[in-house]
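This is my_file17.txt (compact mmCIF, C-alpha atoms).
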```txt
# COMPACT_ATOMS: atom_id res chain seq x y z
CA MET W 1 12.22 -8.49 -22.28
CA ILE W 2 11.09 -8.96 -18.71
CA PRO W 3 8.85 -11.98 -18.10
CA LEU W 4 5.50 -11.52 -16.38
CA SER W 5 6.64 -13.69 -13.48
CA SER W 6 9.30 -11.11 -12.54
CA TYR W 7 6.65 -8.47 -11.96
CA LEU W 8 4.51 -10.94 -10.03
CA ILE W 9 7.44 -11.89 -7.80
CA VAL W 10 8.22 -8.23 -7.05
CA SER W 11 4.56 -7.79 -6.22
CA ALA W 12 4.60 -10.88 -3.96
CA VAL W 13 7.68 -9.60 -2.12
CA LEU W 14 6.07 -6.19 -1.57
CA PHE W 15 2.87 -7.84 -0.35
CA ALA W 16 4.82 -10.02 2.10
CA ILE W 17 6.67 -6.95 3.39
CA GLY W 18 3.34 -5.21 3.93
CA THR W 19 1.93 -8.26 5.74
CA ALA W 20 5.01 -8.45 7.96
CA GLY W 21 4.63 -4.75 8.74
CA VAL W 22 1.00 -5.17 9.82
CA PHE W 23 1.95 -7.99 12.16
CA LEU W 24 5.29 -6.78 13.49
CA ARG W 25 4.88 -3.04 13.98
CA ARG W 26 3.29 -1.61 17.10
CA ASN W 27 2.38 1.81 15.76
CA LEU W 28 -1.02 2.48 14.19
CA ILE W 29 0.40 4.85 11.56
CA THR W 30 3.04 2.34 10.44
CA ILE W 31 0.36 -0.35 10.26
CA LEU W 32 -1.71 1.85 7.92
CA LEU W 33 1.42 2.48 5.82
CA SER W 34 1.92 -1.30 5.57
CA VAL W 35 -1.64 -1.65 4.28
CA GLU W 36 -0.78 0.93 1.62
CA ILE W 37 2.26 -1.17 0.62
CA MET W 38 -0.01 -4.20 0.22
CA LEU W 39 -2.50 -2.25 -1.92
CA ASN W 40 0.36 -1.06 -4.13
CA ALA W 41 1.66 -4.60 -4.55
CA VAL W 42 -1.77 -5.62 -5.83
CA ASN W 43 -1.82 -2.59 -8.15
CA LEU W 44 1.44 -3.74 -9.71
CA THR W 45 -0.11 -7.16 -10.34
CA PHE W 46 -3.15 -5.60 -12.02
CA VAL W 47 -1.09 -3.38 -14.31
CA ALA W 48 1.30 -6.20 -15.22
CA PHE W 49 -1.56 -8.58 -16.08
CA GLY W 50 -3.35 -5.83 -17.99
CA ARG W 51 -0.25 -5.21 -20.09
CA TYR W 52 0.15 -8.96 -20.56
CA ARG W 53 -3.42 -9.26 -21.86
CA GLY W 54 -3.04 -6.11 -23.94
CA ASP W 55 -6.12 -4.26 -22.68
CA VAL W 56 -6.73 -1.34 -20.34
CA ASP W 57 -8.93 -3.12 -17.78
CA GLY W 58 -6.00 -3.71 -15.44
CA GLN W 59 -5.20 -0.01 -15.31
CA ILE W 60 -8.85 0.86 -14.67
CA ILE W 61 -9.05 -1.50 -11.70
CA THR W 62 -5.87 0.18 -10.45
CA PHE W 63 -7.70 3.50 -10.39
CA PHE W 64 -10.48 2.00 -8.30
CA VAL W 65 -7.91 0.53 -5.91
CA MET W 66 -6.30 3.98 -5.61
CA THR W 67 -9.68 5.51 -4.79
CA VAL W 68 -10.32 2.89 -2.14
CA ALA W 69 -6.83 3.51 -0.74
CA ALA W 70 -7.50 7.23 -0.51
CA ALA W 71 -10.82 6.63 1.26
CA GLU W 72 -9.17 4.11 3.57
CA ALA W 73 -6.40 6.57 4.43
CA ALA W 74 -8.88 9.35 5.19
CA VAL W 75 -11.09 7.20 7.44
CA GLY W 76 -8.13 5.39 9.01
CA LEU W 77 -6.32 8.60 9.89
CA ALA W 78 -9.53 10.07 11.31
CA LEU W 79 -9.84 6.95 13.47
CA ILE W 80 -6.21 7.30 14.57
CA ILE W 81 -6.78 10.93 15.57
CA ALA W 82 -9.89 9.97 17.55
CA LEU W 83 -8.04 7.10 19.27
CA PHE W 84 -5.02 9.26 20.06
CA ARG W 85 -7.31 11.82 21.64
CA HIS W 86 -8.62 9.16 24.02
CA ARG W 87 -5.40 7.43 25.10
CA GLU W 88 -2.51 9.70 24.06
CA SER W 89 -0.93 6.64 22.44
CA LEU W 90 -0.56 5.14 18.99
CA ASN W 91 0.15 1.65 20.28
CA PRO W 92 -2.57 -0.84 19.33
CA ASP W 93 -2.07 -2.59 22.67
CA ALA W 94 -3.33 0.53 24.45
CA PHE W 95 -6.80 -0.06 23.00
CA THR W 96 -7.84 -3.34 24.57
CA SER W 97 -10.92 -2.19 26.48
CA LEU W 98 -13.11 -4.59 24.51
CA LYS W 99 -10.79 -7.53 25.14
CA TRP W 100 -12.39 -10.21 27.25
CA MET X 101 19.54 -4.60 -22.11
CA PRO X 102 18.71 -1.20 -20.63
CA GLU X 103 15.14 -2.15 -19.78
CA VAL X 104 16.21 -5.19 -17.77
CA VAL X 105 18.65 -3.03 -15.82
CA THR X 106 15.91 -0.44 -15.26
CA PHE X 107 13.49 -3.10 -14.09
CA TYR X 108 15.88 -4.57 -11.55
CA LEU X 109 16.95 -1.11 -10.37
CA LEU X 110 13.36 0.07 -9.84
CA ALA X 111 12.22 -3.23 -8.31
CA GLY X 112 15.21 -3.18 -5.96
CA ILE X 113 14.50 0.39 -4.88
CA ALA X 114 10.82 -0.45 -4.29
CA VAL X 115 11.58 -3.56 -2.22
CA VAL X 116 14.39 -1.97 -0.17
CA ALA X 117 12.39 1.20 0.51
CA SER X 118 9.35 -0.86 1.54
CA ALA X 119 11.50 -2.94 3.87
CA LEU X 120 12.87 0.26 5.40
CA VAL X 121 9.31 1.54 5.89
CA ILE X 122 8.59 -1.26 8.34
CA GLY X 123 12.13 -1.15 9.75
CA GLN X 124 11.88 2.39 11.11
CA ARG X 125 11.05 3.39 14.66
CA ASN X 126 10.11 6.92 13.61
CA PRO X 127 6.90 7.10 11.54
CA MET X 128 8.18 10.25 9.82
CA TYR X 129 11.01 8.31 8.16
CA SER X 130 8.56 5.51 7.31
CA VAL X 131 6.40 7.95 5.35
CA MET X 132 9.45 9.33 3.53
CA PHE X 133 10.64 5.86 2.52
CA LEU X 134 7.14 4.96 1.36
CA ILE X 135 7.20 7.96 -0.98
CA VAL X 136 10.48 6.59 -2.43
CA ALA X 137 8.85 3.17 -2.89
CA PHE X 138 5.86 4.73 -4.65
CA ALA X 139 8.14 6.68 -7.00
CA ALA X 140 9.95 3.44 -7.92
CA LEU X 141 6.60 1.72 -8.52
CA ALA X 142 5.59 4.61 -10.79
CA GLY X 143 8.73 3.90 -12.79
CA LEU X 144 7.66 0.25 -13.12
CA TYR X 145 4.24 1.40 -14.38
CA ILE X 146 5.93 3.52 -17.05
CA GLN X 147 7.88 0.46 -18.08
CA LEU X 148 4.60 -1.46 -18.33
CA ASP X 149 3.28 1.13 -20.84
CA ALA X 150 0.91 2.65 -18.29
CA PRO X 151 2.08 6.27 -18.09
CA PHE X 152 -1.29 7.57 -16.90
CA VAL X 153 -1.30 5.16 -13.96
CA ALA X 154 2.25 6.26 -13.17
CA VAL X 155 1.23 9.92 -13.11
CA ALA X 156 -1.84 9.11 -11.01
CA GLN X 157 0.40 7.11 -8.65
CA ILE X 158 2.65 10.12 -8.13
CA ILE X 159 -0.17 12.65 -7.81
CA ILE X 160 -2.61 10.62 -5.71
CA TYR X 161 -0.30 8.44 -3.62
CA ALA X 162 2.92 10.40 -3.25
CA GLY X 163 1.08 13.70 -3.45
CA ALA X 164 -2.24 13.42 -1.66
CA ILE X 165 -2.22 10.33 0.55
CA MET X 166 1.34 10.66 1.81
CA VAL X 167 0.87 14.36 2.57
CA LEU X 168 -2.20 13.37 4.58
CA PHE X 169 -0.08 10.83 6.49
CA LEU X 170 2.71 13.37 7.05
CA PHE X 171 0.14 15.87 8.27
CA VAL X 172 -1.23 13.42 10.84
CA VAL X 173 2.28 12.35 11.94
CA MET X 174 3.18 15.97 12.56
CA LEU X 175 -0.20 16.78 14.14
CA LEU X 176 0.09 13.94 16.68
CA ASN X 177 3.77 14.77 17.25
CA ALA X 178 4.51 11.14 16.37
CA PRO X 179 5.41 9.40 19.58
CA GLN X 180 8.17 6.88 18.99
CA GLU X 181 7.40 3.25 19.50
CA ASP X 182 8.41 1.48 22.70
CA GLY X 183 7.84 4.51 24.85
CA ALA X 184 6.15 2.94 27.85
CA GLU X 185 7.58 0.36 30.22
CA TRP X 186 4.63 -1.99 29.80
CA ASP X 187 5.20 -1.89 26.06
CA ARG X 188 8.88 -2.78 26.31
CA THR X 189 7.99 -5.80 28.43
CA HIS X 190 5.13 -6.84 26.14
CA PRO X 191 5.34 -10.52 25.17
CA LEU X 192 5.34 -9.63 21.45
CA ARG X 193 8.45 -7.50 22.01
CA ARG X 194 10.67 -10.46 22.73
CA ALA X 195 13.37 -10.91 20.08
CA GLY X 196 12.55 -14.55 19.40
CA ILE X 197 8.96 -13.81 18.46
CA GLY X 198 9.99 -10.94 16.22
CA ARG X 199 12.43 -13.19 14.42
CA PHE X 200 9.72 -15.86 14.08
CA GLY X 201 7.42 -13.31 12.45
CA ALA X 202 10.14 -12.20 10.03
CA MET X 203 10.78 -15.86 9.20
CA LEU X 204 7.07 -16.38 8.49
CA ALA X 205 7.14 -13.41 6.10
CA GLY X 206 10.17 -14.96 4.36
CA VAL X 207 8.31 -18.26 4.04
CA LEU X 208 5.34 -16.39 2.53
CA ILE X 209 7.63 -14.79 -0.08
CA LEU X 210 9.25 -18.14 -0.96
CA GLU X 211 5.89 -19.86 -1.18
CA LEU X 212 4.42 -17.20 -3.48
CA ALA X 213 7.54 -17.23 -5.67
CA TYR X 214 7.45 -21.05 -5.86
CA ALA X 215 3.76 -21.01 -6.80
CA LEU X 216 4.45 -18.40 -9.50
CA MET X 217 7.29 -20.51 -10.89
CA LYS X 218 4.95 -23.50 -11.15
CA VAL X 219 2.27 -21.69 -13.16
CA ASN X 220 2.61 -22.27 -16.89
CA GLY X 221 2.72 -19.43 -19.35
CA LEU X 222 4.02 -16.76 -17.00
CA GLY X 223 7.48 -16.92 -18.51
CA ALA X 224 6.34 -15.01 -21.60
CA ALA X 225 7.68 -11.50 -21.86
CA VAL X 226 5.36 -8.68 -20.90
CA GLY X 227 4.79 -6.26 -23.74
CA SER X 228 5.17 -8.63 -26.66
CA GLN X 229 1.43 -9.37 -26.84
CA ALA X 230 -0.18 -6.15 -28.07
CA ASN X 231 1.05 -2.90 -29.47
CA ALA X 232 1.85 -0.43 -26.73
CA THR X 233 -0.28 2.37 -28.18
CA THR X 234 -3.58 0.66 -27.30
CA VAL X 235 -2.61 0.01 -23.71
CA SER X 236 -1.01 3.35 -23.00
CA SER X 237 -3.77 5.37 -24.67
CA VAL X 238 -5.68 7.54 -22.20
CA ARG X 239 -8.44 7.91 -24.77
CA GLU X 240 -8.98 4.16 -24.87
CA MET X 241 -8.94 4.02 -21.08
CA GLY X 242 -11.56 6.76 -20.78
CA LYS X 243 -13.82 5.00 -23.28
CA VAL X 244 -13.72 1.73 -21.35
CA LEU X 245 -14.01 3.47 -17.96
CA PHE X 246 -17.16 5.38 -18.86
CA SER X 247 -18.86 2.57 -20.79
CA ARG X 248 -18.10 -0.86 -19.41
CA HIS X 249 -17.15 0.29 -15.90
CA ALA X 250 -19.66 3.13 -15.56
CA PHE X 251 -21.44 1.53 -12.60
CA ALA X 252 -18.21 0.99 -10.69
CA PHE X 253 -17.28 4.59 -11.42
CA GLU X 254 -20.54 5.88 -9.95
CA ALA X 255 -20.23 3.55 -6.97
CA THR X 256 -16.78 5.06 -6.37
CA SER X 257 -18.30 8.52 -6.07
CA VAL X 258 -20.64 7.22 -3.35
CA LEU X 259 -17.65 5.60 -1.63
CA ILE X 260 -15.76 8.89 -1.59
CA LEU X 261 -18.80 10.72 -0.19
CA VAL X 262 -19.16 8.12 2.58
CA ALA X 263 -15.44 8.31 3.37
CA MET X 264 -15.61 12.10 3.53
CA VAL X 265 -18.58 12.13 5.90
CA GLY X 266 -17.06 9.31 7.94
CA ALA X 267 -13.74 11.11 8.34
CA VAL X 268 -15.48 14.30 9.49
CA VAL X 269 -17.69 12.44 11.96
CA LEU X 270 -14.83 10.34 13.38
CA ALA X 271 -12.32 13.16 13.77
CA ARG X 272 -14.84 15.55 15.34
CA ARG X 273 -14.32 16.23 19.00
CA GLU X 274 -16.93 14.58 21.19
CA GLY X 275 -19.53 16.81 22.76
CA GLU X 276 -19.66 19.25 19.88
CA SER X 277 -22.99 19.53 18.16
```
With the file now loaded, output its structure as structure tokens.
Amino acid sequence: MIPLSSYLIVSAVLFAIGTAGVFLRRNLITILLSVEIMLNAVNLTFVAFGRYRGDVDGQIITFFVMTVAAAEAAVGLALIIALFRHRESLNPDAFTSLKW
Amino acid sequence: MPEVVTFYLLAGIAVVASALVIGQRNPMYSVMFLIVAFAALAGLYIQLDAPFVAVAQIIIYAGAIMVLFLFVVMLLNAPQEDGAEWDRTHPLRRAGIGRFGAMLAGVLILELAYALMKVNGLGAAVGSQANATTVSSVREMGKVLFSRHAFAFEATSVLILVAMVGAVVLARREGES
């Protein structure tokens, strides 16, 4: 059988990849995709712990996370479309008007 | 040990595909690789006796959210990164800094793995605790969702409404009434 720590390590690796993507990529769409990777890593943790405890609460929290991810994607992509309309660019460094 | 092989295969696919997502210049390929990663994660959910979560993962993530991303990538005609001169000469673009960031991510992975190794009781096998029928039962899940988590469920509906209105307001062209 697979120990719980294996699932948690896979989840940690996915989360680190998502974090690295947020910091290293210079494209707003790729940054949003990295956030989705991070949310999925957390989902894996919830489901693994839920199975470990033997109840369904972990899976239910996963559904809420999925809902939040869908809402985040909708609002985030709307923001990206609005930003692209202003600057014709997806680079986060193009939007520094508020920088002091 | 077919399940161990399956676990390592699916985990490997998920990690490699996720790494390729952030390794691509073209956002279109990133979205495609993310769909692969989500499919592998759905396989892991099936292995964790959560078939309903796996199906929801495929339908909601790979189906709805990724199609939304693909739609926006195509709509904006997905400019490649590093298009402009000022971007190529950006301080963050220098190779040394990129490598430093990748190293920090590696340190984060090692630190998390080390912390997980140090926690007691995590070495126990997943799935030996309760019978799989309770956990994988959609009926049980519905009961708990609509009794103990009823408030969170209702709050979610408000969240979706707010997200819907917000998306419409944000994506609307300025000047329209």
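Straight-line separation from atom CA of Ala111 of chain X to atom CA of Ala137 of chain X: 9.0 Å.
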Quiz item: Just how far from atom CA of Gly58 of chain W is atom CA of Val219 of chain X, in Å to one decimal?
Solution: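 Atom-to-atom, atom CA of Val219 of chain X and atom CA of Gly58 of chain W are spaced 19.9 Å apart.
Within 6 Å of chain X, and counting all atoms listed in the file, chain W contributes Met1, Ile2, Pro3, Leu4, Ser5, Ile9, Val13, Ala16, Ala20, Gly21, Tyr52, Gly54, Asp55, Val56, Ala71, Val75, Ala78 and Ala82 of chain W.
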Exercise. Would you kindly return, as number ranges by chain, each protein, DNA or RNA residue with an atom no farther than 8 Å from any atom of Leu28 of chain W, considering all atoms listed in the file and excluding same-chain residues fewer than 3 positions away?
Key: W: 31-32, 80, 90-92
I'd like the neighbourhood of Glu36 of chain W as a PDB file with C-alpha atoms, keeping the file's coordinate frame, where a residue qualifies if any of its atoms comes within 9 Å (using all atoms listed in the file), though same-chain residues fewer than 2 positions away should be ignored.
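Final file, result11.pdb:
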```pdb
ATOM      1  CA  GLY W  18       3.340  -5.210   3.930  1.00  0.00           C
ATOM      2  CA  ILE W  31       0.360  -0.350  10.260  1.00  0.00           C
ATOM      3  CA  LEU W  32      -1.710   1.850   7.920  1.00  0.00           C
ATOM      4  CA  LEU W  33       1.420   2.480   5.820  1.00  0.00           C
ATOM      5  CA  SER W  34       1.920  -1.300   5.570  1.00  0.00           C
ATOM      6  CA  MET W  38      -0.010  -4.200   0.220  1.00  0.00           C
ATOM      7  CA  LEU W  39      -2.500  -2.250  -1.920  1.00  0.00           C
ATOM      8  CA  ASN W  40       0.360  -1.060  -4.130  1.00  0.00           C
ATOM      9  CA  ALA W  41       1.660  -4.600  -4.550  1.00  0.00           C
ATOM     10  CA  ALA W  69      -6.830   3.510  -0.740  1.00  0.00           C
ATOM     11  CA  ALA W  73      -6.400   6.570   4.430  1.00  0.00           C
TER      12      ALA W  73
ATOM     13  CA  LEU X 134       7.140   4.960   1.360  1.00  0.00           C
TER      14      LEU X 134
END
```
Quiz prompt | Two-atom distance - atom CA of Ala94 of chain W, atom CA of Leu14 of chain W (Å) | solution = 28.5 Å
Quiz item: Which one is closest to Ala12 of chain W: W:Leu79, W:Ser97, W:Thr30, W:Asn43? Count only C-alpha atoms.
Solution: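 Ranking W:Leu79, W:Ser97, W:Thr30, W:Asn43 by distance to Ala12 of chain W, first place goes to W:Asn43.
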Quiz item: Between W:Thr67, W:Tyr7, W:Glu72, W:Ile61, which has the minimum distance to Val35 of chain W (counting all atoms listed in the file)?
Solution: W:Glu72
